[in-house]
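For reference, structure_27.pdb is printed below; it contains PDB, C-alpha atoms, pLDDT in the B column.
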```pdb
ATOM      1  CA  MET A   1      44.993 138.420  68.211  1.00 51.00           C
ATOM      2  CA  LYS A   2      46.561 139.756  65.042  1.00 58.00           C
ATOM      3  CA  SER A   3      47.552 137.115  62.482  1.00 76.00           C
ATOM      4  CA  SER A   4      50.151 139.151  60.600  1.00 93.00           C
ATOM      5  CA  LEU A   5      53.606 137.918  59.696  1.00 97.00           C
ATOM      6  CA  VAL A   6      56.260 138.892  62.248  1.00 97.00           C
ATOM      7  CA  SER A   7      59.903 139.164  61.164  1.00 98.00           C
ATOM      8  CA  ILE A   8      62.267 138.281  64.008  1.00 97.00           C
ATOM      9  CA  VAL A   9      65.578 140.058  63.375  1.00 97.00           C
ATOM     10  CA  ILE A  10      68.794 138.793  64.979  1.00 96.00           C
ATOM     11  CA  PRO A  11      72.128 140.566  64.345  1.00 96.00           C
ATOM     12  CA  THR A  12      75.182 138.525  65.324  1.00 96.00           C
ATOM     13  CA  HIS A  13      78.948 138.830  65.487  1.00 97.00           C
ATOM     14  CA  ASN A  14      81.287 136.059  66.681  1.00 97.00           C
ATOM     15  CA  ARG A  15      78.868 134.489  69.169  1.00 95.00           C
ATOM     16  CA  VAL A  16      77.698 131.337  67.429  1.00 96.00           C
ATOM     17  CA  GLU A  17      76.844 129.456  70.641  1.00 95.00           C
ATOM     18  CA  ARG A  18      74.722 132.314  71.944  1.00 93.00           C
ATOM     19  CA  LEU A  19      73.172 132.719  68.482  1.00 96.00           C
ATOM     20  CA  LYS A  20      72.037 129.081  68.564  1.00 97.00           C
ATOM     21  CA  ARG A  21      70.182 129.736  71.821  1.00 93.00           C
ATOM     22  CA  ALA A  22      68.583 132.940  70.478  1.00 93.00           C
ATOM     23  CA  ILE A  23      67.438 131.169  67.304  1.00 97.00           C
ATOM     24  CA  ALA A  24      66.009 128.281  69.336  1.00 96.00           C
ATOM     25  CA  SER A  25      63.926 130.751  71.346  1.00 92.00           C
ATOM     26  CA  ALA A  26      62.648 132.345  68.124  1.00 96.00           C
ATOM     27  CA  GLU A  27      61.800 128.921  66.679  1.00 96.00           C
ATOM     28  CA  ALA A  28      59.897 127.985  69.863  1.00 97.00           C
ATOM     29  CA  GLN A  29      57.381 130.843  69.614  1.00 96.00           C
ATOM     30  CA  ASP A  30      53.745 129.833  70.044  1.00 97.00           C
ATOM     31  CA  TYR A  31      52.786 132.442  67.438  1.00 97.00           C
ATOM     32  CA  PRO A  32      52.624 130.632  64.074  1.00 96.00           C
ATOM     33  CA  SER A  33      53.341 133.338  61.493  1.00 97.00           C
ATOM     34  CA  ILE A  34      57.042 134.092  61.861  1.00 96.00           C
ATOM     35  CA  GLU A  35      59.991 134.590  59.582  1.00 97.00           C
ATOM     36  CA  LEU A  36      63.478 134.551  61.054  1.00 97.00           C
ATOM     37  CA  LEU A  37      66.167 136.878  59.656  1.00 98.00           C
ATOM     38  CA  VAL A  38      69.760 136.617  60.878  1.00 98.00           C
ATOM     39  CA  VAL A  39      72.535 138.983  59.819  1.00 97.00           C
ATOM     40  CA  ASP A  40      76.091 137.759  60.403  1.00 97.00           C
ATOM     41  CA  ASP A  41      78.045 140.965  60.868  1.00 97.00           C
ATOM     42  CA  GLY A  42      81.426 139.798  59.581  1.00 96.00           C
ATOM     43  CA  SER A  43      81.995 137.000  62.080  1.00 97.00           C
ATOM     44  CA  HIS A  44      85.244 135.052  61.850  1.00 96.00           C
ATOM     45  CA  ASP A  45      84.183 132.210  64.133  1.00 95.00           C
ATOM     46  CA  ARG A  46      81.920 129.335  62.988  1.00 96.00           C
ATOM     47  CA  THR A  47      78.798 131.488  62.572  1.00 96.00           C
ATOM     48  CA  SER A  48      78.634 131.290  58.756  1.00 95.00           C
ATOM     49  CA  GLU A  49      79.187 127.530  58.766  1.00 96.00           C
ATOM     50  CA  PHE A  50      76.376 127.125  61.284  1.00 97.00           C
ATOM     51  CA  LEU A  51      73.981 129.341  59.311  1.00 97.00           C
ATOM     52  CA  LYS A  52      74.766 127.621  55.992  1.00 96.00           C
ATOM     53  CA  THR A  53      73.680 124.257  57.388  1.00 95.00           C
ATOM     54  CA  TYR A  54      70.911 125.394  59.742  1.00 95.00           C
ATOM     55  CA  LYS A  55      67.532 123.743  59.128  1.00 93.00           C
ATOM     56  CA  SER A  56      64.742 125.940  60.415  1.00 92.00           C
ATOM     57  CA  THR A  57      61.179 125.001  61.269  1.00 89.00           C
ATOM     58  CA  ARG A  58      60.164 128.546  60.228  1.00 90.00           C
ATOM     59  CA  PHE A  59      60.756 130.669  57.148  1.00 95.00           C
ATOM     60  CA  PHE A  60      64.463 131.460  57.563  1.00 97.00           C
ATOM     61  CA  ARG A  61      66.906 133.722  55.731  1.00 97.00           C
ATOM     62  CA  TRP A  62      70.366 134.893  56.632  1.00 97.00           C
ATOM     63  CA  PHE A  63      72.695 137.537  55.298  1.00 97.00           C
ATOM     64  CA  ARG A  64      76.362 138.309  55.821  1.00 97.00           C
ATOM     65  CA  HIS A  65      78.500 141.422  55.932  1.00 97.00           C
ATOM     66  CA  GLU A  66      82.000 140.412  54.843  1.00 96.00           C
ATOM     67  CA  LYS A  67      83.456 143.017  57.213  1.00 96.00           C
ATOM     68  CA  PRO A  68      81.817 144.060  60.492  1.00 95.00           C
ATOM     69  CA  LYS A  69      79.641 147.167  60.190  1.00 94.00           C
ATOM     70  CA  GLY A  70      78.002 147.091  63.625  1.00 91.00           C
ATOM     71  CA  ALA A  71      74.685 145.972  65.072  1.00 90.00           C
ATOM     72  CA  CYS A  72      72.763 148.932  63.623  1.00 88.00           C
ATOM     73  CA  ALA A  73      73.865 148.152  60.054  1.00 92.00           C
ATOM     74  CA  ALA A  74      73.053 144.479  60.572  1.00 93.00           C
ATOM     75  CA  ARG A  75      69.580 145.279  61.906  1.00 91.00           C
ATOM     76  CA  ASN A  76      68.965 147.730  59.059  1.00 93.00           C
ATOM     77  CA  TRP A  77      69.765 145.100  56.429  1.00 96.00           C
ATOM     78  CA  ALA A  78      67.263 142.683  57.951  1.00 96.00           C
ATOM     79  CA  ILE A  79      64.638 145.436  58.304  1.00 95.00           C
ATOM     80  CA  ARG A  80      64.998 146.212  54.579  1.00 95.00           C
ATOM     81  CA  GLU A  81      64.519 142.498  53.793  1.00 96.00           C
ATOM     82  CA  ALA A  82      61.686 141.881  56.261  1.00 97.00           C
ATOM     83  CA  LYS A  83      58.423 140.685  54.756  1.00 97.00           C
ATOM     84  CA  GLY A  84      56.483 140.896  58.018  1.00 97.00           C
ATOM     85  CA  GLU A  85      54.067 143.624  58.975  1.00 95.00           C
ATOM     86  CA  TYR A  86      55.909 143.688  62.301  1.00 95.00           C
ATOM     87  CA  VAL A  87      59.560 143.396  63.274  1.00 95.00           C
ATOM     88  CA  ALA A  88      60.617 141.840  66.577  1.00 94.00           C
ATOM     89  CA  LEU A  89      64.229 142.548  67.473  1.00 92.00           C
ATOM     90  CA  LEU A  90      66.304 139.958  69.302  1.00 93.00           C
ATOM     91  CA  ASP A  91      70.012 140.247  70.067  1.00 90.00           C
ATOM     92  CA  ASP A  92      72.144 137.127  69.692  1.00 92.00           C
ATOM     93  CA  ASP A  93      72.843 136.979  73.426  1.00 88.00           C
ATOM     94  CA  ASP A  94      69.162 137.203  74.402  1.00 87.00           C
ATOM     95  CA  CYS A  95      66.219 134.783  74.338  1.00 87.00           C
ATOM     96  CA  PHE A  96      62.470 135.143  73.973  1.00 88.00           C
ATOM     97  CA  SER A  97      59.983 133.342  76.191  1.00 88.00           C
ATOM     98  CA  GLU A  98      57.767 131.003  74.142  1.00 94.00           C
ATOM     99  CA  SER A  99      54.811 133.390  74.176  1.00 92.00           C
ATOM    100  CA  ARG A 100      56.659 136.678  73.740  1.00 90.00           C
ATOM    101  CA  ILE A 101      55.499 137.456  70.197  1.00 94.00           C
ATOM    102  CA  SER A 102      51.865 136.539  70.849  1.00 94.00           C
ATOM    103  CA  LYS A 103      51.796 138.573  74.085  1.00 90.00           C
ATOM    104  CA  CYS A 104      53.382 141.601  72.414  1.00 88.00           C
ATOM    105  CA  LEU A 105      50.874 141.464  69.569  1.00 93.00           C
ATOM    106  CA  MET A 106      47.973 141.235  72.025  1.00 91.00           C
ATOM    107  CA  ALA A 107      49.302 144.251  73.922  1.00 84.00           C
ATOM    108  CA  LEU A 108      49.948 146.409  70.839  1.00 86.00           C
ATOM    109  CA  ASN A 109      47.363 149.116  70.179  1.00 83.00           C
ATOM    110  CA  GLU A 110      47.091 151.087  66.936  1.00 82.00           C
ATOM    111  CA  SER A 111      48.189 154.233  68.796  1.00 75.00           C
ATOM    112  CA  ASP A 112      51.404 152.575  70.056  1.00 71.00           C
ATOM    113  CA  ALA A 113      54.676 153.025  68.202  1.00 72.00           C
ATOM    114  CA  ALA A 114      56.105 149.800  69.671  1.00 71.00           C
ATOM    115  CA  VAL A 115      55.796 147.383  72.571  1.00 70.00           C
ATOM    116  CA  THR A 116      58.310 145.634  74.754  1.00 70.00           C
ATOM    117  CA  THR A 117      58.220 143.411  77.818  1.00 65.00           C
ATOM    118  CA  TRP A 118      59.975 143.177  81.113  1.00 53.00           C
ATOM    119  CA  ASP A 119      63.405 141.588  80.817  1.00 56.00           C
ATOM    120  CA  GLU A 120      64.540 138.769  83.095  1.00 53.00           C
ATOM    121  CA  PHE A 121      68.268 138.374  83.606  1.00 52.00           C
ATOM    122  CA  ILE A 122      69.406 134.774  84.007  1.00 57.00           C
ATOM    123  CA  SER A 123      72.872 133.550  84.964  1.00 59.00           C
ATOM    124  CA  ASP A 124      73.786 129.890  85.259  1.00 63.00           C
ATOM    125  CA  GLY A 125      70.111 128.966  84.884  1.00 68.00           C
ATOM    126  CA  GLU A 126      68.933 131.172  87.761  1.00 70.00           C
ATOM    127  CA  SER A 127      67.049 134.449  87.682  1.00 63.00           C
ATOM    128  CA  ILE A 128      69.197 137.279  88.977  1.00 61.00           C
ATOM    129  CA  GLY A 129      66.756 140.129  88.399  1.00 65.00           C
ATOM    130  CA  VAL A 130      63.969 141.618  86.338  1.00 58.00           C
ATOM    131  CA  TRP A 131      63.983 144.942  84.498  1.00 47.00           C
ATOM    132  CA  LYS A 132      60.419 146.164  85.004  1.00 58.00           C
ATOM    133  CA  LYS A 133      59.753 148.764  82.336  1.00 56.00           C
ATOM    134  CA  PRO A 134      57.064 151.446  82.657  1.00 58.00           C
ATOM    135  CA  ALA A 135      53.694 150.763  81.026  1.00 56.00           C
ATOM    136  CA  LEU A 136      54.056 153.856  78.836  1.00 56.00           C
ATOM    137  CA  ILE A 137      57.288 155.383  77.619  1.00 57.00           C
ATOM    138  CA  TRP A 138      57.258 158.709  75.775  1.00 49.00           C
ATOM    139  CA  LEU A 139      59.631 159.763  72.997  1.00 59.00           C
ATOM    140  CA  GLU A 140      61.073 162.535  75.160  1.00 61.00           C
ATOM    141  CA  GLN A 141      62.150 159.914  77.705  1.00 58.00           C
ATOM    142  CA  LEU A 142      63.921 157.878  75.034  1.00 57.00           C
ATOM    143  CA  LEU A 143      65.957 160.837  73.802  1.00 59.00           C
ATOM    144  CA  TYR A 144      68.050 160.817  76.981  1.00 60.00           C
ATOM    145  CA  ARG A 145      68.065 157.195  78.146  1.00 56.00           C
ATOM    146  CA  ASN A 146      67.345 153.802  76.640  1.00 58.00           C
ATOM    147  CA  ARG A 147      64.255 152.762  78.571  1.00 52.00           C
ATOM    148  CA  VAL A 148      63.227 149.832  76.370  1.00 58.00           C
ATOM    149  CA  GLY A 149      66.358 147.855  75.521  1.00 54.00           C
ATOM    150  CA  ASN A 150      66.672 146.227  72.100  1.00 65.00           C
ATOM    151  CA  THR A 151      63.831 143.731  72.176  1.00 70.00           C
ATOM    152  CA  ILE A 152      60.908 145.701  70.811  1.00 73.00           C
ATOM    153  CA  LEU A 153      58.070 144.698  68.521  1.00 81.00           C
ATOM    154  CA  VAL A 154      57.224 147.470  66.061  1.00 85.00           C
ATOM    155  CA  LYS A 155      55.457 147.921  62.739  1.00 89.00           C
ATOM    156  CA  THR A 156      57.996 147.441  59.970  1.00 90.00           C
ATOM    157  CA  ALA A 157      56.663 150.517  58.188  1.00 89.00           C
ATOM    158  CA  HIS A 158      57.416 152.658  61.267  1.00 85.00           C
ATOM    159  CA  LEU A 159      61.059 151.540  61.307  1.00 84.00           C
ATOM    160  CA  ARG A 160      61.441 152.162  57.593  1.00 90.00           C
ATOM    161  CA  ALA A 161      59.745 155.582  57.829  1.00 86.00           C
ATOM    162  CA  VAL A 162      62.320 156.844  60.341  1.00 79.00           C
ATOM    163  CA  GLY A 163      65.267 155.363  58.449  1.00 81.00           C
ATOM    164  CA  ALA A 164      65.680 152.429  60.858  1.00 73.00           C
ATOM    165  CA  TYR A 165      68.749 152.489  63.131  1.00 64.00           C
ATOM    166  CA  ASP A 166      71.294 155.307  63.349  1.00 61.00           C
ATOM    167  CA  LEU A 167      74.630 153.875  62.177  1.00 73.00           C
ATOM    168  CA  GLY A 168      76.474 156.301  64.424  1.00 66.00           C
ATOM    169  CA  LEU A 169      75.245 154.635  67.615  1.00 58.00           C
ATOM    170  CA  GLY A 170      77.579 152.011  69.011  1.00 55.00           C
ATOM    171  CA  SER A 171      75.394 151.117  71.993  1.00 47.00           C
ATOM    172  CA  ALA A 172      72.030 151.966  73.588  1.00 46.00           C
ATOM    173  CA  GLN A 173      70.533 151.806  70.108  1.00 49.00           C
TER     174      GLN A 173
END
```
Can the structure from this file be put into structure tokens for me?
Amino acid sequence: MKSSLVSIVIPTHNRVERLKRAIASAEAQDYPSIELLVVDDGSHDRTSEFLKTYKSTRFFRWFRHEKPKGACAARNWAIREAKGEYVALLDDDDCFSESRISKCLMALNESDAAVTTWDEFISDGESIGVWKKPALIWLEQLLYRNRVGNTILVKTAHLRAVGAYDLGLGSAQ
């Protein structure tokens, strides 16, 4: 397995309770070399207060937009700041399984642009479905439909080379 630093990027806006759960899942990774980057996108709830006092077990940094700029701008800030060879994206209302990063790294081949996993949807503690993604997804498929969701693991250099996220996209980024 690769032993490179992985930067887990979490954009957030006004969902401090969900953010706590997302961060806990990032902290619980069995892969040891992780930095956690959170961007508060202009929240006006208790998000900043939580982040100011948060004590991480990993290398942790957080940033704040004073006014909301959207998830793409928040992700882009963290991608610019990322020190990891890889970026793993995690939305504030999602969670990683404990072995997600290690499994993604094991699955990643040099010829792959990125990897993702199946997504399990859980409501009230019960599984309500699984999004089983194809083993290979081609660029042409992504141009017309989001087939991977937001939780990809990708080389940081790849994201930077393409200019990261398009600020004009409000959803299906």
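Closest approach to Leu89 in chain A among A:Leu108, A:Cys72, A:Leu19, A:Ile152: A:Ile152, based on only C-alpha atoms.
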Would you compute the distance between CA of Asp40 in chain A and CA of Ser99 in chain A? Give it in Å to one decimal. 25.7 Å
Of A:Gly84, A:Gly163, A:Pro11, A:Gly70, the one nearest to Thr151 in chain A when counting all atoms listed in the file is A:Pro11
In terms of the shortest atom-to-atom distance over only C-alpha atoms, which of A:Arg80, A:Arg61, A:His13, A:Arg75 is closest to Thr47 in chain A? A:His13
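CA of Lys103 in chain A is positioned 26.9 Å from CA of Glu17 in chain A.
By chain and then residue number, the residues within 9 Å of range 26-28 of chain A are Ile8, Arg21, Ala22, Ile23, Ala24, Asp30, Tyr31, Ile34, Leu36, Ser56, Thr57, Arg58, Leu90, Cys95, Phe96, Ser97, Glu98 and Ser99 of chain A, counting all atoms listed in the file and disregarding those fewer than 2 positions away in sequence.
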Could you state the separation of CA of Leu153 in chain A and CA of Asp45 in chain A in Å, given to one decimal place? 29.3 Å
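For the file at hand, the PyMOL selection byres ((chain A and resi 4) around 8) resolves to A:Lys2, A:Ser3, A:Leu5, A:Val6, A:Ser33, A:Gly84, A:Glu85, A:Tyr86.
Near Ala114 in chain A, within a cut-off of 10 Å and counting all atoms listed in the file, sit the residues Tyr86, Val87, Ala88, Cys104, Leu105, Ala107, Leu108, Asn109, Glu110, Ser111, Asp112, Thr116, Ile137, Val148, Ile152, Leu153, Val154, Lys155, His158 and Leu159 of chain A, with same-chain residues fewer than 2 positions away left out.
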Go ahead and save the residues from that selection, with C-alpha atoms, as a JSON list (two decimals), keeping the file's coordinate frame.
```json
[["chain", "number", "residue", "atom", "x", "y", "z"],
["A", 86, "TYR", "CA", 55.91, 143.69, 62.30],
["A", 87, "VAL", "CA", 59.56, 143.40, 63.27],
["A", 88, "ALA", "CA", 60.62, 141.84, 66.58],
["A", 104, "CYS", "CA", 53.38, 141.60, 72.41],
["A", 105, "LEU", "CA", 50.87, 141.46, 69.57],
["A", 107, "ALA", "CA", 49.30, 144.25, 73.92],
["A", 108, "LEU", "CA", 49.95, 146.41, 70.84],
["A", 109, "ASN", "CA", 47.36, 149.12, 70.18],
["A", 110, "GLU", "CA", 47.09, 151.09, 66.94],
["A", 111, "SER", "CA", 48.19, 154.23, 68.80],
["A", 112, "ASP", "CA", 51.40, 152.57, 70.06],
["A", 116, "THR", "CA", 58.31, 145.63, 74.75],
["A", 137, "ILE", "CA", 57.29, 155.38, 77.62],
["A", 148, "VAL", "CA", 63.23, 149.83, 76.37],
["A", 152, "ILE", "CA", 60.91, 145.70, 70.81],
["A", 153, "LEU", "CA", 58.07, 144.70, 68.52],
["A", 154, "VAL", "CA", 57.22, 147.47, 66.06],
["A", 155, "LYS", "CA", 55.46, 147.92, 62.74],
["A", 158, "HIS", "CA", 57.42, 152.66, 61.27],
["A", 159, "LEU", "CA", 61.06, 151.54, 61.31]]
```
Ground truth for the PyMOL selection byres ((chain A and resi 74) around 9), written as number ranges by chain: A: 10-12, 38-41, 63-65, 68-73, 75-79
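Restricting the calculation to all atoms listed in the file, the smallest distance between Ser102 in chain A and any of A:Pro32, A:Arg46, A:Glu126, A:Asn14 is found for A:Pro32.
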